[in-house]
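Asks: Take a look at protein_27.txt, compact mmCIF, N, CA and C atoms and all ligand atoms:
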```txt
# COMPACT_ATOMS: atom_id res chain seq x y z
N MET A 1 136.26 -24.31 -175.45
CA MET A 1 136.02 -23.77 -174.10
C MET A 1 137.29 -23.15 -173.53
N LYS A 2 138.41 -23.48 -174.12
CA LYS A 2 139.68 -23.08 -173.53
C LYS A 2 139.92 -21.58 -173.57
N HIS A 3 139.12 -20.85 -174.38
CA HIS A 3 139.35 -19.41 -174.49
C HIS A 3 138.46 -18.62 -173.55
N GLN A 4 137.55 -19.31 -172.88
CA GLN A 4 136.52 -18.61 -172.14
C GLN A 4 137.07 -17.69 -171.05
N ARG A 5 138.04 -18.18 -170.30
CA ARG A 5 138.55 -17.38 -169.20
C ARG A 5 139.12 -16.06 -169.69
N ILE A 6 139.84 -16.13 -170.78
CA ILE A 6 140.46 -14.93 -171.34
C ILE A 6 139.38 -13.94 -171.78
N GLU A 7 138.32 -14.48 -172.40
CA GLU A 7 137.31 -13.61 -173.00
C GLU A 7 136.51 -12.82 -171.97
N HIS A 8 136.49 -13.28 -170.72
CA HIS A 8 135.78 -12.53 -169.69
C HIS A 8 136.40 -11.14 -169.50
N PHE A 9 137.65 -11.02 -169.83
CA PHE A 9 138.35 -9.77 -169.57
C PHE A 9 138.46 -8.89 -170.82
N ARG A 10 137.87 -9.37 -171.90
CA ARG A 10 137.97 -8.60 -173.14
C ARG A 10 136.87 -7.55 -173.20
N PHE A 11 137.16 -6.45 -173.86
CA PHE A 11 136.11 -5.49 -174.16
C PHE A 11 135.39 -5.93 -175.42
N GLU A 12 134.14 -5.55 -175.52
CA GLU A 12 133.33 -5.83 -176.70
C GLU A 12 134.01 -5.19 -177.91
N ASP A 13 134.21 -5.96 -178.96
CA ASP A 13 134.80 -5.35 -180.16
C ASP A 13 133.70 -4.90 -181.12
N GLU A 14 134.12 -4.34 -182.24
CA GLU A 14 133.17 -3.71 -183.17
C GLU A 14 132.16 -4.72 -183.72
N SER A 15 132.65 -5.93 -184.01
CA SER A 15 131.78 -6.97 -184.55
C SER A 15 130.70 -7.36 -183.53
N GLU A 16 131.10 -7.50 -182.28
CA GLU A 16 130.16 -7.86 -181.22
C GLU A 16 129.14 -6.76 -180.98
N GLU A 17 129.62 -5.53 -180.98
CA GLU A 17 128.73 -4.39 -180.73
C GLU A 17 127.66 -4.31 -181.83
N ARG A 18 128.11 -4.49 -183.06
CA ARG A 18 127.22 -4.44 -184.21
C ARG A 18 126.13 -5.52 -184.12
N LEU A 19 126.54 -6.74 -183.75
CA LEU A 19 125.59 -7.84 -183.66
C LEU A 19 124.66 -7.68 -182.45
N ARG A 20 125.21 -7.16 -181.35
CA ARG A 20 124.37 -6.96 -180.17
C ARG A 20 123.26 -5.97 -180.49
N ILE A 21 123.61 -4.88 -181.16
CA ILE A 21 122.62 -3.87 -181.53
C ILE A 21 121.61 -4.48 -182.50
N LEU A 22 122.11 -5.29 -183.42
CA LEU A 22 121.23 -5.95 -184.38
C LEU A 22 120.18 -6.81 -183.64
N PHE A 23 120.64 -7.59 -182.65
CA PHE A 23 119.71 -8.45 -181.91
C PHE A 23 118.76 -7.63 -181.06
N GLU A 24 119.25 -6.54 -180.49
CA GLU A 24 118.41 -5.73 -179.61
C GLU A 24 117.35 -4.96 -180.38
N GLN A 25 117.70 -4.50 -181.59
CA GLN A 25 116.81 -3.56 -182.26
C GLN A 25 116.19 -4.08 -183.57
N HIS A 26 116.86 -5.00 -184.24
CA HIS A 26 116.38 -5.38 -185.57
C HIS A 26 116.31 -6.89 -185.76
N HIS A 27 116.06 -7.61 -184.68
CA HIS A 27 116.19 -9.06 -184.76
C HIS A 27 115.23 -9.68 -185.76
N GLU A 28 113.95 -9.29 -185.71
CA GLU A 28 112.96 -9.90 -186.61
C GLU A 28 113.27 -9.58 -188.07
N GLU A 29 113.63 -8.33 -188.31
CA GLU A 29 113.99 -7.91 -189.66
C GLU A 29 115.20 -8.70 -190.17
N ALA A 30 116.16 -8.90 -189.28
CA ALA A 30 117.37 -9.65 -189.66
C ALA A 30 117.03 -11.11 -189.97
N ARG A 31 116.15 -11.71 -189.17
CA ARG A 31 115.76 -13.10 -189.42
C ARG A 31 115.04 -13.23 -190.76
N THR A 32 114.14 -12.30 -191.03
CA THR A 32 113.42 -12.30 -192.30
C THR A 32 114.40 -12.22 -193.46
N ARG A 33 115.40 -11.35 -193.30
CA ARG A 33 116.40 -11.17 -194.34
C ARG A 33 117.24 -12.45 -194.51
N ALA A 34 117.62 -13.05 -193.40
CA ALA A 34 118.43 -14.27 -193.45
C ALA A 34 117.67 -15.38 -194.18
N PHE A 35 116.39 -15.54 -193.86
CA PHE A 35 115.60 -16.58 -194.53
C PHE A 35 115.45 -16.28 -196.02
N ALA A 36 115.30 -15.00 -196.36
CA ALA A 36 115.18 -14.62 -197.77
C ALA A 36 116.47 -14.95 -198.52
N LEU A 37 117.61 -14.73 -197.88
CA LEU A 37 118.90 -15.02 -198.52
C LEU A 37 119.06 -16.53 -198.74
N ILE A 38 118.58 -17.32 -197.80
CA ILE A 38 118.64 -18.78 -197.95
C ILE A 38 117.74 -19.21 -199.10
N GLU A 39 116.55 -18.59 -199.17
CA GLU A 39 115.60 -18.90 -200.24
C GLU A 39 116.19 -18.63 -201.63
N GLU A 40 116.97 -17.57 -201.71
CA GLU A 40 117.55 -17.17 -203.00
C GLU A 40 118.64 -18.11 -203.47
N ALA A 41 119.20 -18.87 -202.53
CA ALA A 41 120.33 -19.73 -202.89
C ALA A 41 119.84 -20.98 -203.63
N ARG A 42 120.75 -21.58 -204.34
CA ARG A 42 120.42 -22.76 -205.14
C ARG A 42 121.04 -23.98 -204.44
N GLU A 43 120.25 -25.05 -204.32
CA GLU A 43 120.75 -26.25 -203.67
C GLU A 43 121.55 -27.09 -204.66
N ASP A 44 122.76 -27.45 -204.29
CA ASP A 44 123.56 -28.28 -205.20
C ASP A 44 123.48 -29.75 -204.79
N GLU A 45 124.24 -30.60 -205.47
CA GLU A 45 124.12 -32.05 -205.25
C GLU A 45 124.59 -32.49 -203.86
N ASN A 46 125.33 -31.62 -203.15
CA ASN A 46 125.79 -31.96 -201.80
C ASN A 46 124.87 -31.43 -200.70
N GLY A 47 123.76 -30.82 -201.11
CA GLY A 47 122.88 -30.22 -200.11
C GLY A 47 123.33 -28.84 -199.70
N CYS A 48 124.35 -28.34 -200.36
CA CYS A 48 124.81 -26.98 -200.08
C CYS A 48 123.86 -25.99 -200.74
N LEU A 49 123.70 -24.84 -200.09
CA LEU A 49 122.89 -23.76 -200.64
C LEU A 49 123.85 -22.69 -201.13
N VAL A 50 124.01 -22.63 -202.42
CA VAL A 50 125.08 -21.81 -202.99
C VAL A 50 124.54 -20.70 -203.89
N SER A 51 125.42 -19.73 -204.13
CA SER A 51 125.12 -18.67 -205.08
C SER A 51 125.99 -18.90 -206.31
N ASP A 52 125.57 -18.34 -207.43
CA ASP A 52 126.38 -18.47 -208.65
C ASP A 52 127.39 -17.34 -208.72
N THR A 53 128.21 -17.26 -207.70
CA THR A 53 129.24 -16.22 -207.64
C THR A 53 130.59 -16.90 -207.40
N VAL A 54 131.65 -16.15 -207.62
CA VAL A 54 133.00 -16.71 -207.44
C VAL A 54 133.42 -16.64 -205.97
N THR A 55 133.07 -15.53 -205.33
CA THR A 55 133.39 -15.36 -203.91
C THR A 55 132.09 -15.34 -203.11
N PRO A 56 132.17 -15.58 -201.80
CA PRO A 56 130.94 -15.58 -201.00
C PRO A 56 130.16 -14.28 -201.14
N ARG A 57 128.86 -14.42 -201.26
CA ARG A 57 128.00 -13.24 -201.38
C ARG A 57 128.05 -12.39 -200.13
N LYS A 58 127.84 -11.10 -200.32
CA LYS A 58 127.76 -10.18 -199.19
C LYS A 58 126.35 -9.63 -199.11
N VAL A 59 125.99 -9.22 -197.90
CA VAL A 59 124.69 -8.59 -197.71
C VAL A 59 124.91 -7.29 -196.95
N ARG A 60 124.15 -6.29 -197.34
CA ARG A 60 124.18 -5.03 -196.60
C ARG A 60 122.94 -4.96 -195.75
N PHE A 61 123.15 -4.74 -194.46
CA PHE A 61 122.01 -4.69 -193.54
C PHE A 61 122.22 -3.57 -192.54
N ARG A 62 121.30 -2.62 -192.52
CA ARG A 62 121.36 -1.51 -191.56
C ARG A 62 122.72 -0.82 -191.56
N GLY A 63 123.23 -0.60 -192.78
CA GLY A 63 124.46 0.19 -192.90
C GLY A 63 125.76 -0.58 -192.75
N HIS A 64 125.67 -1.90 -192.54
CA HIS A 64 126.89 -2.69 -192.44
C HIS A 64 126.87 -3.84 -193.43
N GLN A 65 128.07 -4.22 -193.85
CA GLN A 65 128.18 -5.31 -194.80
C GLN A 65 128.66 -6.58 -194.10
N TYR A 66 128.06 -7.69 -194.45
CA TYR A 66 128.43 -8.98 -193.88
C TYR A 66 128.55 -10.00 -195.01
N GLU A 67 129.40 -11.01 -194.80
CA GLU A 67 129.31 -12.16 -195.68
C GLU A 67 127.96 -12.81 -195.36
N VAL A 68 127.26 -13.30 -196.39
CA VAL A 68 125.94 -13.86 -196.17
C VAL A 68 126.01 -15.05 -195.20
N TYR A 69 127.03 -15.92 -195.37
CA TYR A 69 127.07 -17.10 -194.49
C TYR A 69 127.26 -16.72 -193.03
N ARG A 70 128.06 -15.65 -192.79
CA ARG A 70 128.27 -15.19 -191.42
C ARG A 70 126.99 -14.57 -190.86
N PHE A 71 126.31 -13.79 -191.70
CA PHE A 71 125.07 -13.14 -191.31
C PHE A 71 124.02 -14.20 -190.96
N VAL A 72 123.87 -15.18 -191.85
CA VAL A 72 122.89 -16.24 -191.65
C VAL A 72 123.19 -17.01 -190.35
N TYR A 73 124.45 -17.38 -190.17
CA TYR A 73 124.80 -18.16 -188.98
C TYR A 73 124.52 -17.38 -187.70
N CYS A 74 125.01 -16.16 -187.63
CA CYS A 74 124.89 -15.37 -186.41
C CYS A 74 123.44 -15.01 -186.11
N VAL A 75 122.69 -14.64 -187.13
CA VAL A 75 121.31 -14.21 -186.92
C VAL A 75 120.43 -15.39 -186.50
N LEU A 76 120.54 -16.51 -187.20
CA LEU A 76 119.66 -17.63 -186.90
C LEU A 76 120.03 -18.33 -185.60
N ASN A 77 121.30 -18.28 -185.22
CA ASN A 77 121.72 -18.92 -183.96
C ASN A 77 121.87 -17.91 -182.82
N GLU A 78 121.55 -16.65 -183.11
CA GLU A 78 121.67 -15.58 -182.12
C GLU A 78 123.05 -15.58 -181.48
N VAL A 79 124.05 -15.64 -182.31
CA VAL A 79 125.44 -15.67 -181.86
C VAL A 79 126.07 -14.29 -182.04
N ILE A 80 126.60 -13.77 -180.95
CA ILE A 80 127.35 -12.52 -181.04
C ILE A 80 128.82 -12.89 -181.20
N ALA A 81 129.26 -12.84 -182.44
CA ALA A 81 130.62 -13.26 -182.75
C ALA A 81 131.55 -12.06 -182.72
N SER A 82 132.69 -12.23 -182.11
CA SER A 82 133.69 -11.17 -182.15
C SER A 82 134.45 -11.25 -183.46
N ARG A 83 135.32 -10.29 -183.69
CA ARG A 83 136.07 -10.34 -184.95
C ARG A 83 137.09 -11.47 -184.92
N HIS A 84 137.30 -12.07 -183.76
CA HIS A 84 138.22 -13.21 -183.68
C HIS A 84 137.53 -14.53 -184.00
N HIS A 85 136.20 -14.48 -184.11
CA HIS A 85 135.46 -15.70 -184.43
C HIS A 85 135.29 -15.83 -185.93
N VAL A 86 135.51 -17.02 -186.43
CA VAL A 86 135.29 -17.28 -187.84
C VAL A 86 134.14 -18.27 -187.96
N VAL A 87 133.27 -18.01 -188.94
CA VAL A 87 132.23 -18.98 -189.26
C VAL A 87 132.81 -19.90 -190.32
N ARG A 88 132.88 -21.17 -189.99
CA ARG A 88 133.53 -22.13 -190.88
C ARG A 88 132.51 -23.01 -191.57
N HIS A 89 132.93 -23.56 -192.69
CA HIS A 89 132.06 -24.43 -193.48
C HIS A 89 132.45 -25.88 -193.24
N ARG A 90 131.54 -26.65 -192.65
CA ARG A 90 131.81 -28.08 -192.48
C ARG A 90 131.86 -28.79 -193.82
N CYS A 91 131.17 -28.20 -194.81
CA CYS A 91 131.12 -28.81 -196.15
C CYS A 91 132.30 -28.34 -197.03
N HIS A 92 133.13 -27.45 -196.49
CA HIS A 92 134.30 -26.92 -197.20
C HIS A 92 133.93 -26.16 -198.48
N ASN A 93 132.70 -25.70 -198.58
CA ASN A 93 132.29 -24.89 -199.72
C ASN A 93 131.97 -23.49 -199.22
N ARG A 94 132.88 -22.56 -199.49
CA ARG A 94 132.74 -21.21 -198.94
C ARG A 94 131.54 -20.45 -199.51
N LEU A 95 130.97 -20.94 -200.58
CA LEU A 95 129.80 -20.27 -201.16
C LEU A 95 128.51 -20.70 -200.48
N CYS A 96 128.60 -21.72 -199.65
CA CYS A 96 127.41 -22.31 -199.04
C CYS A 96 126.87 -21.45 -197.90
N VAL A 97 125.54 -21.29 -197.84
CA VAL A 97 124.90 -20.55 -196.76
C VAL A 97 123.91 -21.43 -195.99
N ASN A 98 124.01 -22.74 -196.18
CA ASN A 98 123.13 -23.66 -195.46
C ASN A 98 123.50 -23.63 -193.97
N PRO A 99 122.56 -23.16 -193.10
CA PRO A 99 122.91 -23.02 -191.67
C PRO A 99 123.41 -24.32 -191.06
N GLU A 100 122.93 -25.44 -191.58
CA GLU A 100 123.34 -26.73 -191.02
C GLU A 100 124.78 -27.10 -191.38
N HIS A 101 125.34 -26.39 -192.34
CA HIS A 101 126.72 -26.68 -192.75
C HIS A 101 127.72 -25.73 -192.09
N LEU A 102 127.21 -24.82 -191.27
CA LEU A 102 128.07 -23.79 -190.71
C LEU A 102 128.35 -24.04 -189.24
N ILE A 103 129.54 -23.69 -188.83
CA ILE A 103 129.95 -23.88 -187.44
C ILE A 103 130.86 -22.72 -187.08
N ILE A 104 130.82 -22.31 -185.82
CA ILE A 104 131.66 -21.18 -185.44
C ILE A 104 132.87 -21.65 -184.65
N GLY A 105 133.95 -20.93 -184.82
CA GLY A 105 135.16 -21.22 -184.05
C GLY A 105 136.01 -19.97 -183.99
N THR A 106 137.10 -20.07 -183.28
CA THR A 106 138.03 -18.95 -183.26
C THR A 106 139.09 -19.19 -184.32
N GLN A 107 139.82 -18.14 -184.64
CA GLN A 107 140.90 -18.32 -185.61
C GLN A 107 141.91 -19.33 -185.07
N ALA A 108 142.09 -19.34 -183.75
CA ALA A 108 143.01 -20.29 -183.14
C ALA A 108 142.51 -21.73 -183.35
N ASP A 109 141.18 -21.92 -183.29
CA ASP A 109 140.62 -23.26 -183.49
C ASP A 109 141.04 -23.83 -184.83
N ASN A 110 141.04 -22.96 -185.83
CA ASN A 110 141.43 -23.42 -187.16
C ASN A 110 142.79 -24.10 -187.12
N LYS A 111 143.72 -23.48 -186.41
CA LYS A 111 145.07 -24.02 -186.33
C LYS A 111 145.13 -25.25 -185.45
N HIS A 112 144.30 -25.26 -184.40
CA HIS A 112 144.39 -26.33 -183.42
C HIS A 112 143.60 -27.58 -183.79
N ASP A 113 142.76 -27.45 -184.80
CA ASP A 113 141.88 -28.57 -185.17
C ASP A 113 142.62 -29.90 -185.25
N ASP A 114 143.71 -29.91 -186.01
CA ASP A 114 144.44 -31.16 -186.21
C ASP A 114 145.10 -31.64 -184.93
N TRP A 115 145.65 -30.69 -184.18
CA TRP A 115 146.33 -31.05 -182.94
C TRP A 115 145.33 -31.62 -181.95
N ASP A 116 144.17 -30.99 -181.83
CA ASP A 116 143.15 -31.47 -180.90
C ASP A 116 142.77 -32.91 -181.24
N TYR A 117 142.63 -33.15 -182.51
CA TYR A 117 142.24 -34.48 -182.95
C TYR A 117 143.31 -35.48 -182.55
N ALA A 118 144.57 -35.13 -182.78
CA ALA A 118 145.68 -36.02 -182.47
C ALA A 118 145.77 -36.28 -180.96
N ALA A 119 145.37 -35.28 -180.17
CA ALA A 119 145.50 -35.41 -178.72
C ALA A 119 144.20 -35.86 -178.06
N TYR A 120 143.22 -36.30 -178.86
CA TYR A 120 141.93 -36.76 -178.33
C TYR A 120 141.26 -35.75 -177.43
N GLY A 121 141.23 -34.52 -177.89
CA GLY A 121 140.46 -33.51 -177.17
C GLY A 121 141.22 -32.82 -176.04
N VAL A 122 142.45 -33.21 -175.83
CA VAL A 122 143.24 -32.54 -174.79
C VAL A 122 143.74 -31.20 -175.33
N ASP A 123 143.62 -30.17 -174.56
CA ASP A 123 144.07 -28.86 -175.00
C ASP A 123 145.56 -28.91 -175.32
N PRO A 124 145.91 -28.67 -176.57
CA PRO A 124 147.32 -28.78 -176.97
C PRO A 124 148.22 -27.78 -176.23
N ASN A 125 147.62 -26.72 -175.70
CA ASN A 125 148.44 -25.74 -174.97
C ASN A 125 149.03 -26.31 -173.69
N PHE A 126 148.44 -27.41 -173.21
CA PHE A 126 148.92 -27.98 -171.96
C PHE A 126 149.75 -29.23 -172.16
N LEU A 127 150.02 -29.56 -173.39
CA LEU A 127 150.81 -30.77 -173.64
C LEU A 127 152.31 -30.47 -173.58
ZN ZN A 201 127.34 -26.63 -197.58
```
As structure tokens - that is how I would like this structure written.
Replies:
Amino acid sequence: MKHQRIEHFRFEDESEERLRILFEQHHEEARTRAFALIEEAREDENGCLVSDTVTPRKVRFRGHQYEVYRFVYCVLNEVIASRHHVVRHRCHNRLCVNPEHLIIGTQADNKHDDWDYAAYGVDPNFL
């Protein structure tokens, strides 16, 4: 929540614009595609839905390319993520596209994760 005040003053970036248009114009098609991508994945012993690839799969949708896990997360949760937002894997398996294993954060969150934990949820910027 600590970034919210700043973000009110930001202009929409390319990633947000792309997702906003996707939700406004192609939402059903995107959902169908996201579910199809999940269907194609293989479930491993950890409950992860993975592809047999070395790097995360990409999907092309309406002229733009997305990592499948980012596409699945944003489309199914109707999240308009900016380019500063990263979709992270709670299962630590970057090949996984299981929506339940995905969580969104900012790049700053990645760095602050450990500090936040150490400070019991207190914003480390104010310590
Ligand atoms: Zn997983």
Asks: Atom C of A:Pro99 to atom CA of A:Ile80: how many Å, to one decimal?
Replies: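 Between atom C of A:Pro99 and atom CA of A:Ile80 the gap works out to 16.0 Å.
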Asks: To one decimal place in Å, what is the distance between atom C of A:His84 and atom CA of A:Thr106?
Replies: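 Spanning atom C of A:His84 to atom CA of A:Thr106 is a straight-line distance of 4.5 Å.
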Asks: Residues at most 7 Å from ligand ZN 201 (chain A), using only C-alpha atoms and all ligand atoms? Could they come as a count of residues only?
Replies: 13
Asks: DSSP on the backbone, strand (DSSP E or B) only: what residues of stretch 2-124 of chain A does that give? Format it as JSON, numbers by chain.
Replies: {"A": [42, 43, 49, 50, 58, 59, 60, 61, 64, 65, 66, 67, 85, 86, 87, 88, 89, 102, 103, 104, 105, 106]}
Asks: I'd like to know which of A:Tyr69, A:Phe23, A:His85, A:Glu17 is closest to A:Leu102, using all atoms listed in the file.
Replies: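 The shortest atom-to-atom distance to A:Leu102 comes from A:Tyr69.
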Asks: Between atom CA of A:Asp109 and atom CA of A:Val54, measure the distance and give it in Å to one decimal.
Replies: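 For atom CA of A:Asp109 relative to atom CA of A:Val54, the distance reads 26.0 Å.
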Asks: Step by step: start from the point (129.8, -16.3, -190.5) in the file's coordinates, keep every protein, DNA or RNA residue that has an atom no farther than 8 Å from it, count all atoms listed in the file, and write the set as JSON, numbers by chain.
Replies: {"A": [66, 67, 68, 69, 70, 71, 72, 73, 74, 85, 86, 87, 88, 102, 103, 104]}
Asks: For A:Leu19, find every residue with an atom within 8 Å (counting all atoms listed in the file), except residues of its own chain fewer than 4 positions away, and show them as a list in words.
Replies: Asp13, Glu14, Ser15, Phe23, Glu24, Gln25, Cys74, Val79, Ile80 and Ala81 of chain A
Asks: A:Phe11, A:Val75, A:Glu16, A:Arg94: which is nearest A:Arg57, counting only N, CA and C atoms?
Replies: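 Using only N, CA and C atoms, the shortest distance to A:Arg57 belongs to A:Arg94.
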Asks: My list of candidates is A:Gln65, A:Leu76, A:Arg42, A:Glu12. Which is closest to A:Ala30 when distances are computed with all atoms listed in the file?
Replies: A:Leu76
Asks: Kindly extract all protein, DNA and RNA residues lying within 8 Å of the coordinates (120.1, -16.7, -202.9) given in the file, considering all atoms listed in the file, and supply them as a PyMOL selection string.
Replies: chain A and resi 36-42+49-52
